[in-house]
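Structure data (compact mmCIF, C-alpha atoms) from structure28.txt:
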```txt
# COMPACT_ATOMS: atom_id res chain seq x y z
CA MET A 27 99.12 120.35 58.40
CA THR A 28 102.26 119.88 56.27
CA PRO A 29 101.48 120.06 52.54
CA PRO A 30 102.50 117.03 50.45
CA LEU A 31 105.66 117.23 48.39
CA PRO A 32 105.06 118.00 44.71
CA VAL A 33 105.37 115.07 42.33
CA ASP A 34 108.69 116.25 40.93
CA ALA A 35 110.25 117.13 44.28
CA PRO A 36 113.57 115.47 45.11
CA THR A 37 113.50 112.60 47.56
CA PRO A 38 114.43 113.92 51.04
CA ILE A 39 117.70 112.66 52.45
CA LEU A 40 117.20 110.77 55.70
CA SER A 41 119.78 110.92 58.44
CA GLU A 42 121.05 107.72 59.96
CA GLU A 43 119.40 108.64 63.25
CA PRO A 44 115.83 109.90 62.86
CA SER A 45 115.30 113.25 64.58
CA ARG A 46 113.23 113.25 67.72
CA PRO A 47 109.96 115.16 67.76
CA SER A 48 110.23 118.55 69.38
CA LEU A 49 108.62 119.27 72.74
CA GLY A 50 106.14 121.56 70.98
CA MET A 51 105.11 118.78 68.61
CA VAL A 52 104.64 116.32 71.49
CA ARG A 53 102.44 118.82 73.30
CA GLN A 54 100.42 119.45 70.14
CA LEU A 55 99.83 115.74 69.55
CA THR A 56 98.88 115.21 73.20
CA ASP A 57 96.42 118.09 73.14
CA ARG A 58 94.80 116.67 70.03
CA ARG A 59 94.49 113.24 71.66
CA VAL A 60 92.80 114.79 74.69
CA PHE A 61 90.51 116.83 72.46
CA ALA A 62 89.53 113.71 70.46
CA ALA A 63 88.86 111.73 73.66
CA LEU A 64 86.51 114.41 74.98
CA LEU A 65 84.74 114.63 71.62
CA GLU A 66 84.10 110.91 71.75
CA ALA A 67 83.10 110.56 75.40
CA GLY A 68 81.71 113.96 76.33
CA THR A 69 82.94 114.07 79.92
CA LEU A 70 86.04 112.38 81.35
CA THR A 71 88.34 112.69 84.33
CA ARG A 72 92.06 113.14 83.73
CA ALA A 73 92.58 109.52 84.82
CA ALA A 74 90.00 108.30 82.34
CA ILE A 75 91.63 110.29 79.54
CA ALA A 76 94.99 108.75 80.44
CA ALA A 77 93.46 105.27 80.37
CA ARG A 78 91.84 105.89 76.97
CA THR A 79 94.90 107.38 75.33
CA GLY A 80 97.68 105.41 77.02
CA ILE A 81 99.40 108.68 77.93
CA SER A 82 100.71 109.23 81.47
CA LYS A 83 98.52 111.07 83.97
CA PRO A 84 101.00 113.92 84.55
CA THR A 85 101.23 114.54 80.79
CA ILE A 86 97.43 114.49 80.51
CA SER A 87 97.12 116.92 83.42
CA GLU A 88 99.47 119.36 81.69
CA SER A 89 97.50 119.04 78.46
CA VAL A 90 94.19 119.66 80.23
CA ARG A 91 95.71 122.73 81.88
CA ARG A 92 96.73 124.11 78.48
CA LEU A 93 93.31 123.43 77.00
CA ILE A 94 91.57 125.12 79.94
CA GLU A 95 93.79 128.18 79.48
CA ALA A 96 92.96 128.17 75.76
CA GLY A 97 89.24 128.25 76.53
CA VAL A 98 88.56 124.83 74.98
CA VAL A 99 88.02 122.68 78.09
CA ALA A 100 86.11 123.32 81.32
CA GLU A 101 85.99 121.41 84.60
CA ASP A 102 82.62 120.16 85.85
CA GLY A 103 83.46 119.16 89.41
CA PRO A 104 84.24 115.86 91.19
CA GLU A 105 83.13 112.62 89.56
CA VAL A 106 80.28 110.97 91.47
CA GLY A 107 79.92 107.26 92.17
CA GLY A 108 83.47 106.03 91.64
CA ARG A 109 85.76 104.25 94.09
CA GLY A 110 88.66 105.92 95.78
CA ARG A 111 89.57 109.57 95.39
CA ALA A 112 87.12 111.40 93.13
CA GLY A 113 88.62 112.93 90.02
CA THR A 114 87.47 116.18 88.46
CA SER A 115 85.41 115.75 85.30
CA CYS A 116 86.46 117.63 82.17
CA ARG A 117 84.41 118.52 79.11
CA LEU A 118 84.62 120.72 76.04
CA ARG A 119 83.24 124.20 76.59
CA PRO A 120 80.02 124.85 74.63
CA ASP A 121 81.30 128.33 73.80
CA ALA A 122 84.75 127.16 72.65
CA ALA A 123 83.79 127.22 68.97
CA THR A 124 80.69 127.21 66.82
CA GLY A 125 79.74 125.64 63.50
CA LEU A 126 77.28 127.59 61.34
CA ALA A 127 74.91 125.55 59.12
CA VAL A 128 72.78 127.40 56.55
CA SER A 129 70.25 126.23 53.98
CA VAL A 130 68.71 128.40 51.27
CA GLY A 131 65.78 127.03 49.28
CA PRO A 132 62.09 127.37 48.41
CA ASP A 133 61.22 126.50 52.01
CA GLY A 134 63.12 129.57 53.21
CA VAL A 135 66.43 130.44 54.80
CA VAL A 136 67.23 128.21 57.79
CA VAL A 137 70.22 128.91 60.01
CA ASP A 138 71.51 126.77 62.87
CA THR A 139 74.56 127.00 65.08
CA PHE A 140 76.13 124.01 66.82
CA ASP A 141 78.81 123.54 69.46
CA LEU A 142 81.75 121.16 69.11
CA MET A 143 79.70 118.22 70.42
CA GLY A 144 77.13 118.81 67.68
CA ASP A 145 74.51 120.11 70.10
CA PRO A 146 72.24 122.87 68.74
CA ILE A 147 72.61 126.42 70.06
CA ALA A 148 70.52 128.82 67.96
CA HIS A 149 67.89 128.32 65.26
CA VAL A 150 66.49 130.96 62.89
CA GLU A 151 64.01 130.53 60.04
CA GLN A 152 63.16 133.22 57.53
CA PRO A 153 60.52 132.65 54.81
CA VAL A 154 61.16 133.75 51.24
CA PRO A 155 58.72 134.77 48.48
CA PRO A 156 57.42 132.07 46.14
CA PRO A 157 59.99 131.06 43.49
CA PRO A 158 61.47 131.95 41.16
CA LEU A 159 63.37 134.40 43.32
CA GLU A 160 66.00 136.94 42.25
CA GLY A 161 69.35 136.46 43.95
CA ARG A 162 69.67 140.17 44.73
CA ASP A 163 66.42 139.97 46.74
CA LEU A 164 67.57 136.92 48.64
CA ALA A 165 70.97 138.24 49.76
CA PRO A 166 69.74 140.65 52.50
CA VAL A 167 67.32 138.00 53.83
CA LEU A 168 70.20 135.52 54.13
CA ARG A 169 72.50 137.96 55.88
CA ALA A 170 69.84 139.09 58.35
CA ALA A 171 68.96 135.49 59.31
CA VAL A 172 72.60 134.55 59.82
CA ASP A 173 73.36 137.68 61.84
CA SER A 174 70.39 136.90 64.08
CA ALA A 175 71.60 133.35 64.76
CA VAL A 176 75.18 134.44 65.39
CA ALA A 177 74.01 137.13 67.84
CA ARG A 178 72.38 134.38 69.94
CA THR A 179 75.46 132.18 69.87
CA PRO A 180 78.31 132.42 72.40
CA GLY A 181 81.84 131.78 71.23
CA PRO A 182 83.57 132.27 67.90
CA VAL A 183 82.16 130.94 64.61
CA ARG A 184 84.90 128.67 63.26
CA SER A 185 83.11 127.17 60.24
CA CYS A 186 80.22 127.85 57.90
CA ALA A 187 78.53 125.38 55.53
CA VAL A 188 75.82 126.58 53.15
CA SER A 189 73.30 124.61 51.09
CA VAL A 190 71.73 126.31 48.07
CA ALA A 191 68.88 124.91 45.97
CA GLY A 192 70.70 125.35 42.70
CA PRO A 193 74.00 124.57 40.95
CA VAL A 194 77.02 126.19 42.60
CA ASP A 195 80.33 127.19 41.04
CA ARG A 196 82.86 125.14 42.99
CA ARG A 197 85.55 127.83 42.53
CA THR A 198 83.60 130.85 43.73
CA GLY A 199 80.56 129.51 45.63
CA ALA A 200 78.32 131.59 43.36
CA LEU A 201 75.13 130.42 41.68
CA LEU A 202 75.64 128.95 38.21
CA PRO A 203 72.87 130.12 35.86
CA LEU A 204 71.21 127.23 34.02
CA PRO A 205 68.00 126.99 32.02
CA HIS A 206 64.95 125.56 33.80
CA ALA A 207 66.09 126.82 37.23
CA PRO A 208 63.01 126.48 39.48
CA PHE A 209 64.20 128.52 42.47
CA LEU A 210 66.91 131.15 42.01
CA LEU A 211 67.50 133.57 39.13
CA GLY A 212 70.21 136.12 38.51
CA GLU A 213 73.40 136.49 40.50
CA PHE A 214 73.73 135.08 43.99
CA ALA A 215 76.95 134.37 45.86
CA ALA A 216 76.35 133.14 49.41
CA ALA A 217 80.08 133.18 50.17
CA GLU A 218 80.23 136.91 49.41
CA VAL A 219 77.09 137.63 51.43
CA LEU A 220 78.53 135.83 54.45
CA HIS A 221 82.13 136.97 54.02
CA GLY A 222 83.89 137.58 57.33
CA LEU A 223 81.59 135.44 59.48
CA ALA A 224 83.94 132.45 59.51
CA PRO A 225 87.48 131.67 58.32
CA ASP A 226 85.95 129.80 55.40
CA VAL A 227 82.44 129.66 53.93
CA GLU A 228 81.80 126.36 52.12
CA VAL A 229 78.89 126.50 49.65
CA ASP A 230 77.42 123.57 47.71
CA ASN A 231 74.12 122.56 46.18
CA ASP A 232 71.47 120.87 48.29
CA VAL A 233 71.63 117.45 46.62
CA ASN A 234 75.37 117.12 47.26
CA TRP A 235 74.74 117.88 50.94
CA ALA A 236 71.91 115.32 50.99
CA ALA A 237 74.31 112.73 49.56
CA LEU A 238 76.73 113.42 52.41
CA ALA A 239 73.93 112.82 54.91
CA GLU A 240 72.86 109.58 53.18
CA GLN A 241 76.47 108.42 53.21
CA ARG A 242 76.77 109.07 56.93
CA ASP A 243 73.35 108.07 58.27
CA GLY A 244 71.23 106.77 55.40
CA ASN A 245 71.00 104.12 52.70
CA ALA A 246 74.47 104.81 51.30
CA ALA A 247 76.33 104.10 54.54
CA ASP A 248 77.83 100.94 53.02
CA LEU A 249 78.60 102.46 49.60
CA ASP A 250 81.78 104.21 48.49
CA ASP A 251 80.45 104.83 44.98
CA PHE A 252 76.85 105.84 44.37
CA VAL A 253 74.56 108.22 42.52
CA LEU A 254 71.68 110.01 44.24
CA ALA A 255 68.78 111.22 42.09
CA TYR A 256 66.52 113.89 43.57
CA LEU A 257 63.16 114.25 41.82
CA GLY A 258 61.02 117.16 42.93
CA ALA A 259 60.11 120.64 41.69
CA GLY A 260 63.64 120.58 40.34
CA ILE A 261 65.61 117.55 39.19
CA GLY A 262 69.06 117.13 40.68
CA GLY A 263 71.69 114.53 41.33
CA ALA A 264 74.85 113.88 43.26
CA VAL A 265 77.79 111.66 42.36
CA VAL A 266 79.94 110.08 45.07
CA LEU A 267 83.03 108.15 43.98
CA GLY A 268 85.63 106.76 46.35
CA GLY A 269 83.63 108.16 49.25
CA ARG A 270 83.88 111.76 47.99
CA VAL A 271 81.37 113.98 46.25
CA VAL A 272 82.39 114.65 42.63
CA ARG A 273 81.67 118.25 41.62
CA GLY A 274 83.31 118.53 38.20
CA ALA A 275 85.40 121.37 36.78
CA SER A 276 82.76 124.04 37.38
CA GLY A 277 80.44 122.33 39.86
CA LEU A 278 77.85 120.87 37.47
CA ALA A 279 78.60 117.17 37.98
CA GLY A 280 75.42 115.29 38.83
CA GLU A 281 72.99 117.72 37.13
CA LEU A 282 70.60 114.96 36.06
CA ALA A 283 68.01 117.40 34.71
CA HIS A 284 70.18 118.08 31.66
CA VAL A 285 71.03 114.48 30.74
CA ARG A 286 69.44 113.44 27.43
CA THR A 287 66.93 110.61 27.43
CA ALA A 288 63.88 109.24 25.61
CA GLY A 289 61.20 111.87 26.16
CA PRO A 290 57.60 112.03 24.87
CA ALA A 291 57.04 109.81 21.82
CA GLY A 292 60.59 108.50 22.25
CA GLN A 293 62.16 111.77 21.12
CA SER A 294 65.63 112.63 22.40
CA ARG A 295 65.18 115.34 25.01
CA THR A 296 66.83 116.38 28.23
CA LEU A 297 65.01 115.01 31.23
CA VAL A 298 63.66 118.39 32.31
CA GLU A 299 62.58 119.28 28.75
CA SER A 300 60.48 116.13 28.75
CA PHE A 301 58.38 117.50 31.60
CA THR A 302 57.81 120.71 29.66
CA ASP A 303 56.61 118.64 26.68
CA TRP A 304 54.27 116.64 28.91
CA GLY A 305 52.80 119.90 30.23
CA LEU A 306 53.82 119.04 33.78
CA MET A 307 55.41 122.37 34.74
CA ARG A 308 53.68 124.85 37.02
CA PRO A 309 52.08 127.66 35.02
CA GLY A 310 54.53 130.50 34.41
CA SER A 311 57.30 128.62 36.18
CA GLU A 312 60.34 126.44 35.51
CA ALA A 313 59.31 124.16 38.39
CA ILE A 314 57.78 120.71 37.93
CA ASP A 315 54.24 120.38 39.30
CA VAL A 316 54.99 117.81 42.00
CA ASP A 317 51.37 117.16 42.97
CA ARG A 318 50.31 116.44 39.37
CA VAL A 319 53.24 114.10 38.82
CA ARG A 320 52.46 112.17 42.01
CA ARG A 321 48.81 111.83 40.96
CA LEU A 322 49.89 110.50 37.56
CA LEU A 323 52.25 107.99 39.14
CA THR A 324 49.57 106.61 41.47
CA SER A 325 46.60 106.76 39.07
CA THR A 326 45.05 103.53 37.76
CA SER A 327 43.50 105.09 34.62
CA ALA A 328 45.02 103.86 31.36
CA PRO A 329 46.11 107.30 30.01
CA ASP A 330 47.69 108.32 33.30
CA ARG A 331 49.35 104.94 33.60
CA ARG A 332 50.92 105.38 30.16
CA THR A 333 52.25 108.81 31.08
CA GLY A 334 53.57 107.45 34.38
CA ASP A 335 55.36 104.68 32.51
CA ALA A 336 56.81 107.27 30.11
CA ILE A 337 58.12 109.28 33.08
CA ALA A 338 59.73 106.15 34.55
CA THR A 339 61.27 105.35 31.15
CA ALA A 340 62.69 108.86 30.81
CA VAL A 341 64.18 108.82 34.31
CA ALA A 342 65.61 105.32 33.77
CA GLY A 343 67.13 106.39 30.44
CA ALA A 344 68.93 109.34 32.00
CA LEU A 345 70.14 107.26 34.93
CA SER A 346 71.29 104.43 32.65
CA SER A 347 73.65 106.84 30.88
CA VAL A 348 75.06 108.03 34.19
CA VAL A 349 75.46 104.50 35.52
CA ALA A 350 77.09 103.23 32.33
CA LEU A 351 79.67 106.01 32.49
CA LEU A 352 80.45 106.02 36.22
CA ASP A 353 79.91 102.35 37.24
CA PRO A 354 78.67 103.07 40.79
CA GLN A 355 77.81 100.40 43.34
CA GLY A 356 74.42 101.88 44.05
CA LEU A 357 71.69 104.23 42.91
CA LEU A 358 69.49 106.09 45.40
CA LEU A 359 66.17 107.55 44.30
CA GLY A 360 64.28 110.13 46.32
CA GLY A 361 62.61 113.52 46.39
CA PRO A 362 58.96 114.61 46.61
CA TRP A 363 57.80 112.59 43.60
CA GLY A 364 60.83 110.33 43.28
CA SER A 365 59.71 108.67 46.52
CA THR A 366 56.18 107.95 45.24
CA PRO A 367 55.30 104.34 46.22
CA GLY A 368 56.10 101.94 43.39
CA PHE A 369 58.04 104.45 41.30
CA LEU A 370 61.48 103.12 42.22
CA GLU A 371 60.45 99.65 41.04
CA ARG A 372 59.15 101.08 37.74
CA VAL A 373 62.46 102.82 37.16
CA ALA A 374 64.56 99.81 38.20
CA GLU A 375 62.88 97.47 35.73
CA ARG A 376 63.56 99.95 32.91
CA LEU A 377 67.27 100.38 33.57
CA ASP A 378 69.55 98.94 30.88
CA PRO A 379 70.24 95.20 31.32
CA GLY A 380 73.89 96.00 32.01
CA ASP A 381 72.80 97.81 35.17
CA ARG A 382 71.20 94.75 36.79
CA GLY A 383 74.03 94.32 39.29
CA LEU A 384 73.35 97.81 40.59
CA LEU A 385 71.95 98.27 44.10
CA VAL A 386 68.83 100.39 43.59
CA ARG A 387 67.48 101.86 46.81
CA PRO A 388 65.23 104.64 48.06
CA THR A 389 66.78 107.46 50.00
CA ALA A 390 66.39 106.88 53.72
CA LEU A 391 66.39 110.42 55.08
CA ILE A 392 63.15 112.35 54.82
CA GLY A 393 62.29 116.02 55.24
CA ALA A 394 65.33 118.16 54.48
CA PRO A 395 68.39 115.85 54.39
CA TYR A 396 70.57 118.67 53.02
CA ARG A 397 70.27 120.29 56.44
CA ASP A 398 71.71 117.12 57.95
CA GLY A 399 74.57 117.40 55.46
CA VAL A 400 75.47 121.01 56.26
CA ARG A 401 75.21 120.25 59.98
CA LEU A 402 77.66 117.37 59.68
CA ARG A 403 80.10 119.49 57.68
CA ALA A 404 79.82 122.58 59.88
CA VAL A 405 80.50 120.61 63.08
CA ALA A 406 83.37 118.61 61.54
CA ALA A 407 85.01 121.76 60.14
CA ALA A 408 84.70 123.59 63.47
CA ARG A 409 86.34 120.66 65.25
CA GLN A 410 89.15 120.60 62.71
CA ALA A 411 89.69 124.35 63.06
CA VAL A 412 90.08 123.99 66.83
CA ALA A 413 92.44 121.01 66.49
CA ASP A 414 94.57 122.87 63.94
CA ALA A 415 94.96 125.76 66.37
CA PHE A 416 96.73 123.64 69.00
```
Represent the structure from my file as structure tokens, please.
Amino acid sequence: MTPPLPVDAPTPILSEEPSRPSLGMVRQLTDRRVFAALLEAGTLTRAAIAARTGISKPTISESVRRLIEAGVVAEDGPEVGGRGRAGTSCRLRPDAATGLAVSVGPDGVVVDTFDLMGDPIAHVEQPVPPPPLEGRDLAPVLRAAVDSAVARTPGPVRSCAVSVAGPVDRRTGALLPLPHAPFLLGEFAAAEVLHGLAPDVEVDNDVNWAALAEQRDGNAADLDDFVLAYLGAGIGGAVVLGGRVVRGASGLAGELAHVRTAGPAGQSRTLVESFTDWGLMRPGSEAIDVDRVRRLLTSTSAPDRRTGDAIATAVAGALSSVVALLDPQGLLLGGPWGSTPGFLERVAERLDPGDRGLLVRPTALIGAPYRDGVRLRAVAAARQAVADAF
């Protein structure tokens, strides 16, 4: 891919007759068109590829030959059920390239590999001790789980996407130490642990990956600009502007836990400090007691109702600051206690009046949406790596 010219670069001088693309460039573009057609359809004859791309059959046949020699395409045999002479079906080889998707969180280390069509190949789960967990103790568990998955996977690993339940330094992929971290303590750099497994190891926090999944398959599919608030044992957020996740200079954009709001008795506190003041943290832990918060939010007793309203007010105050600054189209609310029935409505009615045009929605994806996010990225990056190699 040709890098863009720098801003101060001189304007290139164009000849009167534009140069013709080289034969190598034509072949490269044709191979990419064939590759894209097979990604979209799965299995096609050479004639069907020619019809889809508008490229001549002889040119397609030469491209398919090159891709077979490169180990990217395989032939399946004659097409069945068509009229006239049966063509030979072509498909992408499942061992042509692999995407590696990894998630690291309180629910353990989960590793999956996928082929270029996005079909699963290997799956490994490794439990971890109860949090908080030291990064140095987690590193060998992560490497062993990944090595096990890769050993069961044919073909080269061309991409690796990693989700970590904690803030990640966008420059190094290492854990960023913050107060009130419910899961990981100390130093932990997934990119270093997995160095050498793929040409590039892309590490991000779990809420950013969840936002990618919501944007692709969830309640943000129609939004280019939105904020996702995750409310669970930890409080997190993701900011998407112009269709892209915003990470900030160091990687801390979207860290909702540390936004100031009206805490207990209306005092100015960060959102996570408010839960400490309410006594809603697990004993001896920096993690919010999810079960207690859910009980408070669904209780009909007057004292619990007041505390539930105070929680909604604190969350709405933090989100109002974020919305006022970023002006997103939508706000998604989710997580283990963020998805409590009725809580979204309590937050929405407490948002600043200026936010009333905002689309306030629940997250659509349940379970572990960050795993959907790393899967999407791992498969897309593996496809791009193969296309760039043509």
Rounded to one decimal, what separation in Å do you get between CA of Arg387 in chain A and CA of Gly334 in chain A? 19.5 Å
Applying 12 Å and only C-alpha atoms, which residues near Gly343 in chain A remain after dropping the ones on its own chain fewer than 4 positions away? List them as a PyMOL selection string. chain A and resi 282-283+285-289+292-297+300+336-339+347-350+373-379+381
Those same residues, written as an mmCIF file, in the coordinates of the input with C-alpha atoms?
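File result_33.cif, as written:
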```
data_model
loop_
_atom_site.group_PDB
_atom_site.id
_atom_site.type_symbol
_atom_site.label_atom_id
_atom_site.label_comp_id
_atom_site.auth_asym_id
_atom_site.auth_seq_id
_atom_site.Cartn_x
_atom_site.Cartn_y
_atom_site.Cartn_z
ATOM 1 C CA LEU A 282 70.600 114.960 36.060
ATOM 2 C CA ALA A 283 68.010 117.400 34.710
ATOM 3 C CA VAL A 285 71.030 114.480 30.740
ATOM 4 C CA ARG A 286 69.440 113.440 27.430
ATOM 5 C CA THR A 287 66.930 110.610 27.430
ATOM 6 C CA ALA A 288 63.880 109.240 25.610
ATOM 7 C CA GLY A 289 61.200 111.870 26.160
ATOM 8 C CA GLY A 292 60.590 108.500 22.250
ATOM 9 C CA GLN A 293 62.160 111.770 21.120
ATOM 10 C CA SER A 294 65.630 112.630 22.400
ATOM 11 C CA ARG A 295 65.180 115.340 25.010
ATOM 12 C CA THR A 296 66.830 116.380 28.230
ATOM 13 C CA LEU A 297 65.010 115.010 31.230
ATOM 14 C CA SER A 300 60.480 116.130 28.750
ATOM 15 C CA ALA A 336 56.810 107.270 30.110
ATOM 16 C CA ILE A 337 58.120 109.280 33.080
ATOM 17 C CA ALA A 338 59.730 106.150 34.550
ATOM 18 C CA THR A 339 61.270 105.350 31.150
ATOM 19 C CA SER A 347 73.650 106.840 30.880
ATOM 20 C CA VAL A 348 75.060 108.030 34.190
ATOM 21 C CA VAL A 349 75.460 104.500 35.520
ATOM 22 C CA ALA A 350 77.090 103.230 32.330
ATOM 23 C CA VAL A 373 62.460 102.820 37.160
ATOM 24 C CA ALA A 374 64.560 99.810 38.200
ATOM 25 C CA GLU A 375 62.880 97.470 35.730
ATOM 26 C CA ARG A 376 63.560 99.950 32.910
ATOM 27 C CA LEU A 377 67.270 100.380 33.570
ATOM 28 C CA ASP A 378 69.550 98.940 30.880
ATOM 29 C CA PRO A 379 70.240 95.200 31.320
ATOM 30 C CA ASP A 381 72.800 97.810 35.170
#
```
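In terms of minimum interatomic distance to Arg403 in chain A, A:Arg242 ranks closest within A:Arg242, A:Arg331, A:His284, A:Arg273, counting only C-alpha atoms.
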Would you mind telling me which residue in A:Gln241, A:Thr71, A:Ser346, A:Ser189 lies nearest to Gly380 in chain A when using only C-alpha atoms?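 Ranking A:Gln241, A:Thr71, A:Ser346, A:Ser189 by distance to Gly380 in chain A, first place goes to A:Ser346.
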Quick one: distance from CA of Leu204 in chain A to CA of Leu126 in chain A in Å, one decimal?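 Between CA of Leu204 in chain A and CA of Leu126 in chain A the gap is 28.0 Å.
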For a cutoff of 8 Å around the file-coordinate point (77.3, 110.9, 50.2), which residues qualify once you count only C-alpha atoms? I'd like the result as a list in words.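 Counting only C-alpha atoms, I find these residues within 8 Å of (77.3, 110.9, 50.2): Asn234, Trp235, Ala236, Ala237, Leu238, Ala239, Glu240, Gln241, Arg242, Ala246, Phe252, Ala264, Val265, Val266, Gly269, Arg270 and Val271 of chain A.
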If you measure from CA of Ala411 in chain A to CA of Asp226 in chain A, what distance in Å do you get, rounded to one decimal? 10.1 Å
Which protein, DNA or RNA residues are at most 10 Å from (64.8, 136.5, 46.4) in the file's coordinates when you count all atoms listed in the file, listed as a PyMOL selection string? chain A and resi 131-132+134+154-168+209-212+214
Next, write the just-selected residues to a file, as a short mmCIF file (atom, residue, chain, number, x, y, z; two decimals), keeping the file's coordinate frame, keeping C-alpha atoms as the atom set.
```cif
data_model
loop_
_atom_site.label_atom_id
_atom_site.label_comp_id
_atom_site.auth_asym_id
_atom_site.auth_seq_id
_atom_site.Cartn_x
_atom_site.Cartn_y
_atom_site.Cartn_z
CA GLY A 131 65.78 127.03 49.28
CA PRO A 132 62.09 127.37 48.41
CA GLY A 134 63.12 129.57 53.21
CA VAL A 154 61.16 133.75 51.24
CA PRO A 155 58.72 134.77 48.48
CA PRO A 156 57.42 132.07 46.14
CA PRO A 157 59.99 131.06 43.49
CA PRO A 158 61.47 131.95 41.16
CA LEU A 159 63.37 134.40 43.32
CA GLU A 160 66.00 136.94 42.25
CA GLY A 161 69.35 136.46 43.95
CA ARG A 162 69.67 140.17 44.73
CA ASP A 163 66.42 139.97 46.74
CA LEU A 164 67.57 136.92 48.64
CA ALA A 165 70.97 138.24 49.76
CA PRO A 166 69.74 140.65 52.50
CA VAL A 167 67.32 138.00 53.83
CA LEU A 168 70.20 135.52 54.13
CA PHE A 209 64.20 128.52 42.47
CA LEU A 210 66.91 131.15 42.01
CA LEU A 211 67.50 133.57 39.13
CA GLY A 212 70.21 136.12 38.51
CA PHE A 214 73.73 135.08 43.99
#
```
